[in-house]
file final27.cif (mmCIF, C-alpha atoms and all ligand atoms)
data_upload
#
loop_
_atom_site.group_PDB
_atom_site.id
_atom_site.type_symbol
_atom_site.label_atom_id
_atom_site.label_comp_id
_atom_site.auth_asym_id
_atom_site.auth_seq_id
_atom_site.Cartn_x
_atom_site.Cartn_y
_atom_site.Cartn_z
ATOM 1 C CA MET O 1 -22.813 10.009 12.518
ATOM 2 C CA GLY O 2 -20.032 9.609 9.946
ATOM 3 C CA PHE O 3 -19.371 6.515 7.854
ATOM 4 C CA TYR O 4 -16.237 5.565 9.805
ATOM 5 C CA ASN O 5 -17.639 6.051 13.290
ATOM 6 C CA ASN O 6 -16.968 2.853 15.314
ATOM 7 C CA LYS O 7 -15.865 0.943 12.213
ATOM 8 C CA VAL O 8 -12.905 -1.363 12.795
ATOM 9 C CA VAL O 9 -10.245 -0.461 10.224
ATOM 10 C CA LEU O 10 -6.899 -2.203 9.784
ATOM 11 C CA VAL O 11 -4.085 -0.413 7.994
ATOM 12 C CA THR O 12 -0.904 -2.342 7.351
ATOM 13 C CA GLY O 13 2.244 -0.217 7.386
ATOM 14 C CA GLY O 14 0.709 2.601 9.412
ATOM 15 C CA SER O 15 3.889 3.866 11.057
ATOM 16 C CA ASP O 16 4.964 6.133 8.204
ATOM 17 C CA GLY O 17 3.867 7.883 5.022
ATOM 18 C CA ILE O 18 0.428 7.197 3.569
ATOM 19 C CA GLY O 19 -0.367 4.520 6.173
ATOM 20 C CA LYS O 20 0.333 6.865 9.070
ATOM 21 C CA ALA O 21 -1.808 9.570 7.468
ATOM 22 C CA LEU O 22 -4.598 6.993 7.097
ATOM 23 C CA VAL O 23 -4.335 6.038 10.772
ATOM 24 C CA ASP O 24 -4.426 9.696 11.870
ATOM 25 C CA ALA O 25 -7.405 10.537 9.650
ATOM 26 C CA LEU O 26 -9.395 7.402 10.484
ATOM 27 C CA LEU O 27 -8.987 7.969 14.227
ATOM 28 C CA SER O 28 -10.160 11.551 13.823
ATOM 29 C CA GLN O 29 -13.281 10.226 12.054
ATOM 30 C CA GLY O 30 -14.174 7.928 14.955
ATOM 31 C CA ALA O 31 -12.870 4.599 13.643
ATOM 32 C CA LYS O 32 -11.304 1.906 15.813
ATOM 33 C CA VAL O 33 -7.949 1.458 14.167
ATOM 34 C CA ALA O 34 -5.209 -1.166 14.173
ATOM 35 C CA THR O 35 -1.905 -1.059 12.392
ATOM 36 C CA CYS O 36 1.318 -2.999 12.078
ATOM 37 C CA ALA O 37 4.848 -2.318 10.863
ATOM 38 C CA ARG O 38 8.370 -3.517 11.664
ATOM 39 C CA ASN O 39 10.029 -0.492 13.258
ATOM 40 C CA LEU O 40 9.117 -0.476 16.949
ATOM 41 C CA ASP O 41 10.230 3.106 17.640
ATOM 42 C CA LYS O 42 7.938 4.503 14.957
ATOM 43 C CA LEU O 43 5.037 2.386 16.226
ATOM 44 C CA TYR O 44 5.664 3.595 19.767
ATOM 45 C CA GLN O 45 5.665 7.221 18.601
ATOM 46 C CA LEU O 46 2.397 6.656 16.762
ATOM 47 C CA GLN O 47 0.800 4.995 19.789
ATOM 48 C CA THR O 48 1.852 7.754 22.186
ATOM 49 C CA SER O 49 0.707 10.493 19.814
ATOM 50 C CA HIS O 50 -2.795 8.956 19.984
ATOM 51 C CA ALA O 51 -2.881 8.114 23.689
ATOM 52 C CA GLY O 52 -6.423 7.358 24.866
ATOM 53 C CA LYS O 53 -7.755 6.694 21.367
ATOM 54 C CA PRO O 54 -8.838 3.267 20.041
ATOM 55 C CA LEU O 55 -5.573 2.322 18.340
ATOM 56 C CA ILE O 56 -3.783 -1.036 18.330
ATOM 57 C CA THR O 57 -0.178 -1.011 17.129
ATOM 58 C CA LEU O 58 1.617 -4.290 16.619
ATOM 59 C CA SER O 59 5.090 -5.120 15.451
ATOM 60 C CA ALA O 60 4.577 -7.437 12.489
ATOM 61 C CA ASP O 61 6.275 -8.114 9.180
ATOM 62 C CA VAL O 62 3.590 -8.636 6.549
ATOM 63 C CA SER O 63 5.898 -10.908 4.551
ATOM 64 C CA SER O 64 5.456 -13.424 7.380
ATOM 65 C CA GLU O 65 2.210 -15.404 7.279
ATOM 66 C CA THR O 66 2.506 -16.050 11.030
ATOM 67 C CA ASP O 67 2.838 -12.321 11.785
ATOM 68 C CA CYS O 68 -0.203 -11.502 9.635
ATOM 69 C CA LYS O 69 -2.286 -14.207 11.339
ATOM 70 C CA LYS O 70 -1.255 -12.901 14.773
ATOM 71 C CA PHE O 71 -2.078 -9.332 13.733
ATOM 72 C CA ILE O 72 -5.593 -10.264 12.615
ATOM 73 C CA GLU O 73 -6.160 -12.450 15.712
ATOM 74 C CA LYS O 74 -5.017 -9.629 18.001
ATOM 75 C CA VAL O 75 -7.416 -7.163 16.383
ATOM 76 C CA VAL O 76 -10.361 -9.559 16.596
ATOM 77 C CA SER O 77 -9.576 -10.391 20.232
ATOM 78 C CA VAL O 78 -9.717 -6.676 21.118
ATOM 79 C CA TYR O 79 -12.362 -5.215 18.758
ATOM 80 C CA GLY O 80 -14.392 -8.377 18.033
ATOM 81 C CA THR O 81 -14.648 -7.824 14.285
ATOM 82 C CA ILE O 82 -13.132 -6.198 11.193
ATOM 83 C CA ASP O 83 -14.955 -3.880 8.791
ATOM 84 C CA ILE O 84 -12.175 -2.636 6.531
ATOM 85 C CA LEU O 85 -8.684 -3.891 5.694
ATOM 86 C CA ILE O 86 -6.316 -1.490 3.924
ATOM 87 C CA ASN O 87 -3.316 -3.390 2.548
ATOM 88 C CA ASN O 88 -0.937 -0.457 2.486
ATOM 89 C CA ALA O 89 2.450 -1.794 3.701
ATOM 90 C CA GLY O 90 4.839 -1.711 0.811
ATOM 91 C CA ILE O 91 8.392 -1.300 -0.319
ATOM 92 C CA SER O 92 9.891 -0.231 -3.634
ATOM 93 C CA MET O 93 13.154 -0.882 -5.474
ATOM 94 C CA ARG O 94 15.580 0.938 -7.768
ATOM 95 C CA ALA O 95 17.838 -1.300 -9.843
ATOM 96 C CA LEU O 96 18.037 -2.843 -13.273
ATOM 97 C CA PHE O 97 16.862 -6.453 -13.342
ATOM 98 C CA ARG O 98 20.150 -7.793 -14.786
ATOM 99 C CA GLU O 99 22.040 -6.389 -11.775
ATOM 100 C CA THR O 100 19.575 -7.223 -9.013
ATOM 101 C CA ASP O 101 19.919 -10.104 -6.549
ATOM 102 C CA LEU O 102 17.039 -12.538 -6.731
ATOM 103 C CA GLN O 103 16.590 -12.192 -2.954
ATOM 104 C CA THR O 104 15.900 -8.471 -3.399
ATOM 105 C CA LEU O 105 13.221 -9.189 -5.983
ATOM 106 C CA LYS O 106 11.672 -11.848 -3.736
ATOM 107 C CA LYS O 107 11.607 -9.492 -0.767
ATOM 108 C CA VAL O 108 9.611 -6.884 -2.675
ATOM 109 C CA MET O 109 7.164 -9.542 -3.854
ATOM 110 C CA ASP O 110 6.849 -11.061 -0.360
ATOM 111 C CA ILE O 111 5.959 -7.745 1.256
ATOM 112 C CA ASN O 112 3.790 -6.136 -1.411
ATOM 113 C CA PHE O 113 1.980 -9.171 -2.807
ATOM 114 C CA TRP O 114 2.103 -11.931 -0.203
ATOM 115 C CA GLY O 115 1.549 -9.439 2.633
ATOM 116 C CA THR O 116 -1.714 -8.485 0.937
ATOM 117 C CA VAL O 117 -2.690 -12.125 0.401
ATOM 118 C CA TYR O 118 -1.952 -13.197 4.007
ATOM 119 C CA CYS O 119 -3.808 -10.309 5.651
ATOM 120 C CA SER O 120 -6.765 -10.629 3.272
ATOM 121 C CA LYS O 121 -6.966 -14.391 3.884
ATOM 122 C CA TYR O 122 -7.134 -14.120 7.675
ATOM 123 C CA ALA O 123 -9.362 -11.031 7.741
ATOM 124 C CA LEU O 124 -11.839 -12.230 5.095
ATOM 125 C CA PRO O 125 -14.260 -14.213 7.330
ATOM 126 C CA TYR O 126 -14.775 -11.152 9.553
ATOM 127 C CA ILE O 127 -15.020 -8.696 6.651
ATOM 128 C CA THR O 128 -17.537 -10.948 4.892
ATOM 129 C CA LYS O 129 -19.746 -10.997 7.998
ATOM 130 C CA GLN O 130 -19.655 -7.202 8.088
ATOM 131 C CA LYS O 131 -20.118 -6.802 4.314
ATOM 132 C CA GLY O 132 -17.001 -4.693 4.587
ATOM 133 C CA THR O 133 -14.144 -3.620 2.329
ATOM 134 C CA ILE O 134 -10.701 -4.876 1.324
ATOM 135 C CA VAL O 135 -8.370 -2.294 -0.196
ATOM 136 C CA GLY O 136 -4.985 -2.579 -1.870
ATOM 137 C CA VAL O 137 -2.720 0.434 -2.063
ATOM 138 C CA SER O 138 -1.332 -0.221 -5.516
ATOM 139 C CA SER O 139 0.414 2.073 -7.985
ATOM 140 C CA ILE O 140 0.585 3.059 -11.632
ATOM 141 C CA ALA O 141 3.386 0.437 -11.602
ATOM 142 C CA GLY O 142 0.565 -2.112 -11.326
ATOM 143 C CA TYR O 143 -0.813 -1.021 -14.716
ATOM 144 C CA ARG O 144 2.381 -0.201 -16.586
ATOM 145 C CA GLY O 145 5.714 -2.001 -16.088
ATOM 146 C CA LEU O 146 8.331 0.504 -14.937
ATOM 147 C CA PRO O 147 12.072 0.086 -15.596
ATOM 148 C CA GLY O 148 14.284 -0.282 -12.529
ATOM 149 C CA ARG O 149 11.241 -1.459 -10.633
ATOM 150 C CA THR O 150 10.651 -4.936 -12.078
ATOM 151 C CA ALA O 151 9.664 -6.627 -8.807
ATOM 152 C CA TYR O 152 7.707 -3.568 -7.654
ATOM 153 C CA SER O 153 5.686 -3.559 -10.883
ATOM 154 C CA ALA O 154 5.247 -7.338 -10.734
ATOM 155 C CA SER O 155 4.041 -7.121 -7.121
ATOM 156 C CA LYS O 156 1.495 -4.414 -7.932
ATOM 157 C CA PHE O 157 0.269 -6.195 -11.097
ATOM 158 C CA ALA O 158 -0.105 -9.314 -8.931
ATOM 159 C CA MET O 159 -1.911 -7.321 -6.264
ATOM 160 C CA ASN O 160 -4.351 -5.883 -8.810
ATOM 161 C CA GLY O 161 -4.998 -9.297 -10.346
ATOM 162 C CA PHE O 162 -5.490 -10.905 -6.955
ATOM 163 C CA LEU O 163 -7.886 -8.191 -5.821
ATOM 164 C CA GLU O 164 -9.840 -8.181 -9.083
ATOM 165 C CA SER O 165 -10.323 -11.957 -8.827
ATOM 166 C CA LEU O 166 -11.340 -11.678 -5.201
ATOM 167 C CA ARG O 167 -13.709 -8.812 -5.981
ATOM 168 C CA THR O 168 -15.409 -10.957 -8.604
ATOM 169 C CA GLU O 169 -15.631 -13.974 -6.269
ATOM 170 C CA LEU O 170 -17.281 -11.827 -3.623
ATOM 171 C CA ILE O 171 -19.817 -9.984 -5.757
ATOM 172 C CA ASP O 172 -22.797 -11.741 -4.136
ATOM 173 C CA GLU O 173 -21.402 -11.404 -0.587
ATOM 174 C CA GLY O 174 -21.674 -7.622 -0.437
ATOM 175 C CA VAL O 175 -17.938 -7.184 0.163
ATOM 176 C CA ASN O 176 -16.271 -4.369 -1.767
ATOM 177 C CA VAL O 177 -12.741 -5.109 -2.986
ATOM 178 C CA MET O 178 -10.874 -2.185 -4.495
ATOM 179 C CA TRP O 179 -7.395 -0.841 -5.210
ATOM 180 C CA VAL O 180 -6.067 2.671 -5.299
ATOM 181 C CA CYS O 181 -3.097 4.086 -7.193
ATOM 182 C CA PRO O 182 -1.579 7.198 -5.660
ATOM 183 C CA GLY O 183 0.655 9.365 -7.813
ATOM 184 C CA PHE O 184 4.044 10.474 -6.460
ATOM 185 C CA THR O 185 3.337 11.085 -2.772
ATOM 186 C CA ALA O 186 5.714 12.523 -0.177
ATOM 187 C CA SER O 187 6.738 9.653 2.112
ATOM 188 C CA ASN O 188 9.658 7.445 3.104
ATOM 189 C CA ILE O 189 9.175 5.062 0.151
ATOM 190 C CA ARG O 190 12.058 6.265 -2.024
ATOM 191 C CA ASN O 191 14.382 6.461 0.972
ATOM 192 C CA ALA O 192 13.522 2.859 1.932
ATOM 193 C CA ALA O 193 13.564 1.552 -1.677
ATOM 194 C CA LEU O 194 15.863 -1.440 -2.120
ATOM 195 C CA THR O 195 18.923 -1.241 -4.349
ATOM 196 C CA LYS O 196 20.322 -4.209 -6.278
ATOM 197 C CA ASP O 197 21.923 -5.824 -3.206
ATOM 198 C CA GLY O 198 18.878 -5.355 -0.958
ATOM 199 C CA SER O 199 20.227 -2.335 0.957
ATOM 200 C CA SER O 200 18.046 0.756 1.258
ATOM 201 C CA GLN O 201 18.565 3.585 -1.222
ATOM 202 C CA GLY O 202 18.836 5.925 1.770
ATOM 203 C CA SER O 203 17.711 9.083 0.007
ATOM 204 C CA SER O 204 15.025 10.394 -2.288
ATOM 205 C CA PRO O 205 15.993 11.752 -5.695
ATOM 206 C CA LEU O 206 12.735 13.712 -5.828
ATOM 207 C CA ASP O 207 11.819 16.984 -4.188
ATOM 208 C CA GLU O 208 9.454 15.368 -1.668
ATOM 209 C CA ALA O 209 8.063 18.759 -0.632
ATOM 210 C CA GLY O 210 6.715 19.261 -4.152
ATOM 211 C CA LEU O 211 4.742 15.997 -4.196
ATOM 212 C CA MET O 212 1.189 15.235 -3.105
ATOM 213 C CA SER O 213 1.136 14.999 0.687
ATOM 214 C CA SER O 214 0.428 11.698 2.439
ATOM 215 C CA GLU O 215 -2.516 13.409 4.155
ATOM 216 C CA GLU O 216 -4.058 14.379 0.807
ATOM 217 C CA CYS O 217 -3.524 10.848 -0.461
ATOM 218 C CA ALA O 218 -5.111 9.334 2.672
ATOM 219 C CA ALA O 219 -8.128 11.638 2.314
ATOM 220 C CA GLY O 220 -8.637 10.376 -1.266
ATOM 221 C CA ILE O 221 -8.437 6.738 -0.155
ATOM 222 C CA ILE O 222 -10.857 7.295 2.739
ATOM 223 C CA ASP O 223 -13.347 8.969 0.415
ATOM 224 C CA ALA O 224 -13.040 6.191 -2.205
ATOM 225 C CA ILE O 225 -13.723 3.497 0.409
ATOM 226 C CA GLU O 226 -16.840 5.295 1.625
ATOM 227 C CA LYS O 227 -18.066 5.654 -1.970
ATOM 228 C CA LYS O 228 -17.405 1.926 -2.602
ATOM 229 C CA LYS O 229 -15.307 2.698 -5.654
ATOM 230 C CA ARG O 230 -13.811 -0.106 -7.728
ATOM 231 C CA THR O 231 -10.482 1.599 -8.360
ATOM 232 C CA LEU O 232 -8.989 5.019 -7.878
ATOM 233 C CA VAL O 233 -6.164 6.312 -10.068
ATOM 234 C CA PHE O 234 -5.291 9.635 -8.463
ATOM 235 C CA THR O 235 -3.589 11.770 -11.080
ATOM 236 C CA PHE O 236 -4.386 12.867 -14.614
ATOM 237 C CA ASN O 237 -0.918 11.734 -15.777
ATOM 238 C CA ASP O 238 -1.449 8.238 -14.377
ATOM 239 C CA LYS O 239 -4.953 8.004 -15.903
ATOM 240 C CA ARG O 240 -3.434 8.971 -19.244
ATOM 241 C CA THR O 241 -0.727 6.323 -18.823
ATOM 242 C CA VAL O 242 -3.309 3.599 -18.113
ATOM 243 C CA PHE O 243 -5.281 4.672 -21.168
ATOM 244 C CA LEU O 244 -2.287 4.955 -23.503
ATOM 245 C CA ASN O 245 -0.847 1.646 -22.305
ATOM 246 C CA ARG O 246 -4.100 -0.101 -23.145
ATOM 247 C CA LEU O 247 -4.545 1.654 -26.476
ATOM 248 C CA ILE O 248 -1.000 1.924 -27.930
ATOM 249 C CA PRO O 249 1.401 -0.004 -25.668
ATOM 250 C CA SER O 250 4.374 0.394 -28.019
ATOM 251 C CA ILE O 251 4.184 4.192 -27.686
ATOM 252 C CA ALA O 252 3.811 3.801 -23.913
ATOM 253 C CA ASP O 253 7.039 1.708 -23.918
ATOM 254 C CA LYS O 254 8.965 4.534 -25.606
ATOM 255 C CA LEU O 255 7.526 7.314 -23.432
ATOM 256 C CA THR O 256 8.135 5.328 -20.245
ATOM 257 C CA HIS O 257 11.732 4.612 -21.297
ATOM 258 C CA LYS O 258 12.270 8.293 -22.028
ATOM 259 C CA PHE O 259 10.864 9.263 -18.620
ATOM 260 C CA PHE O 260 12.974 6.812 -16.619
ATOM 261 C CA PHE O 261 16.335 7.029 -18.413
ATOM 262 C CA LYS O 262 18.587 10.034 -18.820
ATOM 263 C CA ASN O 263 21.676 9.664 -21.045
ATOM 264 C CA GLY O 264 21.218 5.893 -20.909
ATOM 265 C CA GLU O 265 21.258 5.875 -17.082
ATOM 266 C CA LEU O 266 18.292 4.773 -14.973
ATOM 267 C CA ILE O 267 16.739 7.609 -12.994
ATOM 268 C CA LYS O 268 16.468 6.451 -9.397
HETATM 269 N N1 LIG X 1 4.663 7.343 -1.932
HETATM 270 C C1 LIG X 1 4.390 7.139 -3.222
HETATM 271 O O1 LIG X 1 4.809 7.913 -4.097
HETATM 272 C C2 LIG X 1 3.532 5.960 -3.617
HETATM 273 C C3 LIG X 1 2.986 5.943 -4.902
HETATM 274 C C4 LIG X 1 2.207 4.858 -5.295
HETATM 275 C C5 LIG X 1 1.959 3.839 -4.393
HETATM 276 N N2 LIG X 1 2.487 3.876 -3.149
HETATM 277 C C6 LIG X 1 2.208 2.750 -2.242
HETATM 278 O O2 LIG X 1 1.719 3.266 -1.022
HETATM 279 C C7 LIG X 1 1.995 2.325 0.028
HETATM 280 C C8 LIG X 1 2.565 3.084 1.222
HETATM 281 O O3 LIG X 1 3.809 3.632 0.825
HETATM 282 P P1 LIG X 1 4.415 4.977 1.432
HETATM 283 O O4 LIG X 1 4.750 5.827 0.283
HETATM 284 O O5 LIG X 1 3.595 5.517 2.514
HETATM 285 O O6 LIG X 1 5.805 4.391 1.993
HETATM 286 P P2 LIG X 1 6.556 4.571 3.383
HETATM 287 O O7 LIG X 1 6.511 5.977 3.844
HETATM 288 O O8 LIG X 1 7.883 3.925 3.175
HETATM 289 O O9 LIG X 1 5.687 3.694 4.403
HETATM 290 C C9 LIG X 1 5.648 2.306 4.267
HETATM 291 C C10 LIG X 1 5.012 1.709 5.515
HETATM 292 O O10 LIG X 1 4.946 0.291 5.324
HETATM 293 C C11 LIG X 1 5.629 -0.337 6.401
HETATM 294 N N3 LIG X 1 6.247 -1.575 5.946
HETATM 295 C C12 LIG X 1 7.200 -1.728 4.988
HETATM 296 N N4 LIG X 1 7.534 -3.015 4.904
HETATM 297 C C13 LIG X 1 6.777 -3.689 5.805
HETATM 298 C C14 LIG X 1 6.683 -5.041 6.202
HETATM 299 N N5 LIG X 1 7.465 -5.978 5.667
HETATM 300 N N6 LIG X 1 5.791 -5.377 7.168
HETATM 301 C C15 LIG X 1 5.013 -4.433 7.742
HETATM 302 N N7 LIG X 1 5.068 -3.140 7.419
HETATM 303 C C16 LIG X 1 5.951 -2.772 6.468
HETATM 304 C C17 LIG X 1 6.676 0.691 6.875
HETATM 305 O O11 LIG X 1 7.092 0.455 8.223
HETATM 306 P P3 LIG X 1 8.382 -0.441 8.592
HETATM 307 O O12 LIG X 1 9.436 -0.128 7.579
HETATM 308 O O13 LIG X 1 8.721 -0.049 9.979
HETATM 309 O O14 LIG X 1 7.941 -1.860 8.519
HETATM 310 C C18 LIG X 1 5.838 1.964 6.768
HETATM 311 O O15 LIG X 1 4.992 2.088 7.877
HETATM 312 C C19 LIG X 1 2.956 1.288 -0.566
HETATM 313 O O16 LIG X 1 2.252 0.105 -0.838
HETATM 314 C C20 LIG X 1 3.428 1.934 -1.859
HETATM 315 O O17 LIG X 1 3.759 0.979 -2.841
HETATM 316 C C21 LIG X 1 3.275 4.908 -2.734
#

call {"tool": "encode", "arguments": {"input": "final27.cif", "output": "structure tokens", "more": "lines below"}}
Ligand SMILES: NC(=O)c1ccc[n+]([C@@H]2O[C@H](COP(=O)([O-])OP(=O)(O)OC[C@H]3O[C@@H](n4cnc5c(N)ncnc54)[C@H](OP(=O)(O)O)[C@@H]3O)[C@@H](O)[C@H]2O)c1
result
Amino acid sequence: MGFYNNKVVLVTGGSDGIGKALVDALLSQGAKVATCARNLDKLYQLQTSHAGKPLITLSADVSSETDCKKFIEKVVSVYGTIDILINNAGISMRALFRETDLQTLKKVMDINFWGTVYCSKYALPYITKQKGTIVGVSSIAGYRGLPGRTAYSASKFAMNGFLESLRTELIDEGVNVMWVCPGFTASNIRNAALTKDGSSQGSSPLDEAGLMSSEECAAGIIDAIEKKKRTLVFTFNDKRTVFLNRLIPSIADKLTHKFFFKNGELIK
């Protein structure tokens, strides 16, 4: 019997990208899965594609504490417990700080950071009972501030700090708290990224087909949870960035600037 068989696993933001790939893979490994997102059509498609399988889909905005509470309560009322929470729902941004509306910055923070806090808060009593796992889907932006992504970086730094504190608080409870940092992964994230006025970017400047697939990323996350890892930084480049940023941050500043600006313009 596999590790995930009959485990109750919650994935926030499971209607697209990495979250959807997690839902698909976890169901195929025998888990009882629940997910939430805002777009009802995508949730409906996900639900119908897994007809007959143990999957709860709920329309919820993780930036709302009430929605997160309802999501957790719904899952517990159906499955009775929670073993694993994967805080995956997230949104990015592409705009220089000086040009960006404060509301846009707050929105990114509310979804990426507060969404993680709310879901973790309400799920924690159940996860503690199960000696389960809380995961944050973070990013290299949570280790190294990235230009044009001030709120995104802040939200992922905050997520990492929150999870590291929680991990340390829970050491004697047998709960594993971890965060994972995928490299560039093909998904809807760049399309949905907020511009300075809060509207979606509406396209991806990258060749999505050339990136790591969401399925590959989900497989790495699923493996890391089973192995009770502390953190997982997926790519060699990102590992090198973490290392360099710790060792010689001033060089990391220059290299990061060079990577993200072309002819003085921010690369989106
Ligand atoms: N793709 C990458 O290159 C990459 C790299 C590093 C880290 N990550 C992280 O990986 C996670 C997943 O991103 P992805 O690339 O799979 O993006 P994605 O394809 O855009 O999927 C994001 C998912 O989150 C949901 N979501 C967004 N805002 C939400 C909200 N307020 N409430 C509930 N659900 C919400 C979306 O559904 P709705 O819009 O319908 O709500 C969707 O299901 C994010 O935390 C991201 O920061 C991604």

call {"tool": "residues_around", "arguments": {"input": "final27.cif", "residues": "Phe71 in chain O", "least_positions_apart": "2", "cutoff": "8 Å", "atoms": "all atoms listed in the file", "output": "JSON, numbers by chain"}}
result
{"O": [36, 58, 60, 67, 68, 69, 73, 74, 75]}

call {"tool": "axis_aligned_box", "arguments": {"input": "final27.cif", "around": "ligand LIG 1 (chain X)", "padding_each_side": "3 Å", "output": "JSON"}}
result
{"center_x": 5.6, "center_y": 1.0, "center_z": 2.3, "size_x": 13.7, "size_y": 19.9, "size_z": 21.3}

call {"tool": "closest_atom_pairs", "arguments": {"input": "final27.cif", "of": "chain O", "to": "ligand LIG 1 (chain X)", "cutoff": "6 Å", "atoms": "only C-alpha atoms and all ligand atoms", "output": "tab-separated table"}}
result
residue	atom	partner	partner_atom	distance
O:Gly13	CA	X:LIG1	O10	3.4
O:Gly14	CA	X:LIG1	O15	4.6
O:Ser15	CA	X:LIG1	O15	3.8
O:Asp16	CA	X:LIG1	O15	4.1
O:Gly17	CA	X:LIG1	O5	3.5
O:Ile18	CA	X:LIG1	O5	3.7
O:Gly19	CA	X:LIG1	O5	5.5
O:Cys36	CA	X:LIG1	C15	5.9
O:Ala37	CA	X:LIG1	N7	3.5
O:Arg38	CA	X:LIG1	O14	3.6
O:Asn39	CA	X:LIG1	O13	3.6
O:Ala60	CA	X:LIG1	C15	5.6
O:Asp61	CA	X:LIG1	N6	3.4
O:Val62	CA	X:LIG1	N6	4.0
O:Ser63	CA	X:LIG1	N5	5.3
O:Asn88	CA	X:LIG1	O16	4.6
O:Ala89	CA	X:LIG1	O10	3.6
O:Gly90	CA	X:LIG1	O16	3.6
O:Ile91	CA	X:LIG1	C12	5.5
O:Ile111	CA	X:LIG1	N5	5.0
O:Val137	CA	X:LIG1	O16	5.1
O:Ser138	CA	X:LIG1	C5	5.3
O:Ser139	CA	X:LIG1	C4	4.3
O:Cys181	CA	X:LIG1	C4	5.7
O:Pro182	CA	X:LIG1	C4	4.5
O:Gly183	CA	X:LIG1	C3	5.1
O:Phe184	CA	X:LIG1	O1	3.6
O:Thr185	CA	X:LIG1	O1	3.7
O:Ala186	CA	X:LIG1	N1	5.6
O:Ser187	CA	X:LIG1	O7	4.1
O:Asn188	CA	X:LIG1	O7	3.6
O:Ile189	CA	X:LIG1	O8	3.5
O:Ala192	CA	X:LIG1	O8	5.9

call {"tool": "closest_residue", "arguments": {"input": "final27.cif", "among": "O:Ser92, O:Tyr118, O:Thr100, O:Ile82", "to": "Lys70 in chain O", "atoms": "only C-alpha atoms"}}
result
O:Tyr118

call {"tool": "residues_around", "arguments": {"input": "final27.cif", "residues": "range 233-235 of chain O", "least_positions_apart": "2", "cutoff": "8 Å", "atoms": "only C-alpha atoms", "output": "list in words"}}
result
Ile140, Val180, Cys181, Pro182, Gly183, Gly220, Thr231, Asn237, Asp238 and Lys239 of chain O

call {"tool": "atom_distance", "arguments": {"input": "final27.cif", "atom1": "CA of Thr104 in chain O", "atom2": "CA of Gly198 in chain O"}}
result
5.0 Å

call {"tool": "closest_residue", "arguments": {"input": "final27.cif", "among": "O:Asn87, O:Thr150, O:Ser64, O:Thr81", "to": "Thr35 in chain O", "atoms": "only C-alpha atoms"}}
result
O:Asn87

call {"tool": "resolve_selection", "arguments": {"input": "final27.cif", "expression": "the PyMOL selection byres (((chain O and resi 191) around 8) and not hetatm)", "output": "MDAnalysis selection string"}}
result
chainID O and resid 188:190 192:193 200:204

call {"tool": "resolve_selection", "arguments": {"input": "final27.cif", "expression": "the PyMOL selection byres (((chain O and resi 120) around 10) and not hetatm)", "output": "PyMOL selection string"}}
result
chain O and resi 68-69+72+85-87+114-119+121-125+127+134-136+163+166

call {"tool": "closest_residue", "arguments": {"input": "final27.cif", "among": "O:Ala95, O:Val175, O:Leu266, O:Leu43", "to": "Arg149 in chain O", "atoms": "all atoms listed in the file"}}
result
O:Ala95

call {"tool": "atom_distance", "arguments": {"input": "final27.cif", "atom1": "CA of Ala158 in chain O", "atom2": "CA of Asn112 in chain O"}}
result
9.0 Å

call {"tool": "atom_distance", "arguments": {"input": "final27.cif", "atom1": "CA of Tyr126 in chain O", "atom2": "CA of Leu10 in chain O"}}
result
11.9 Å
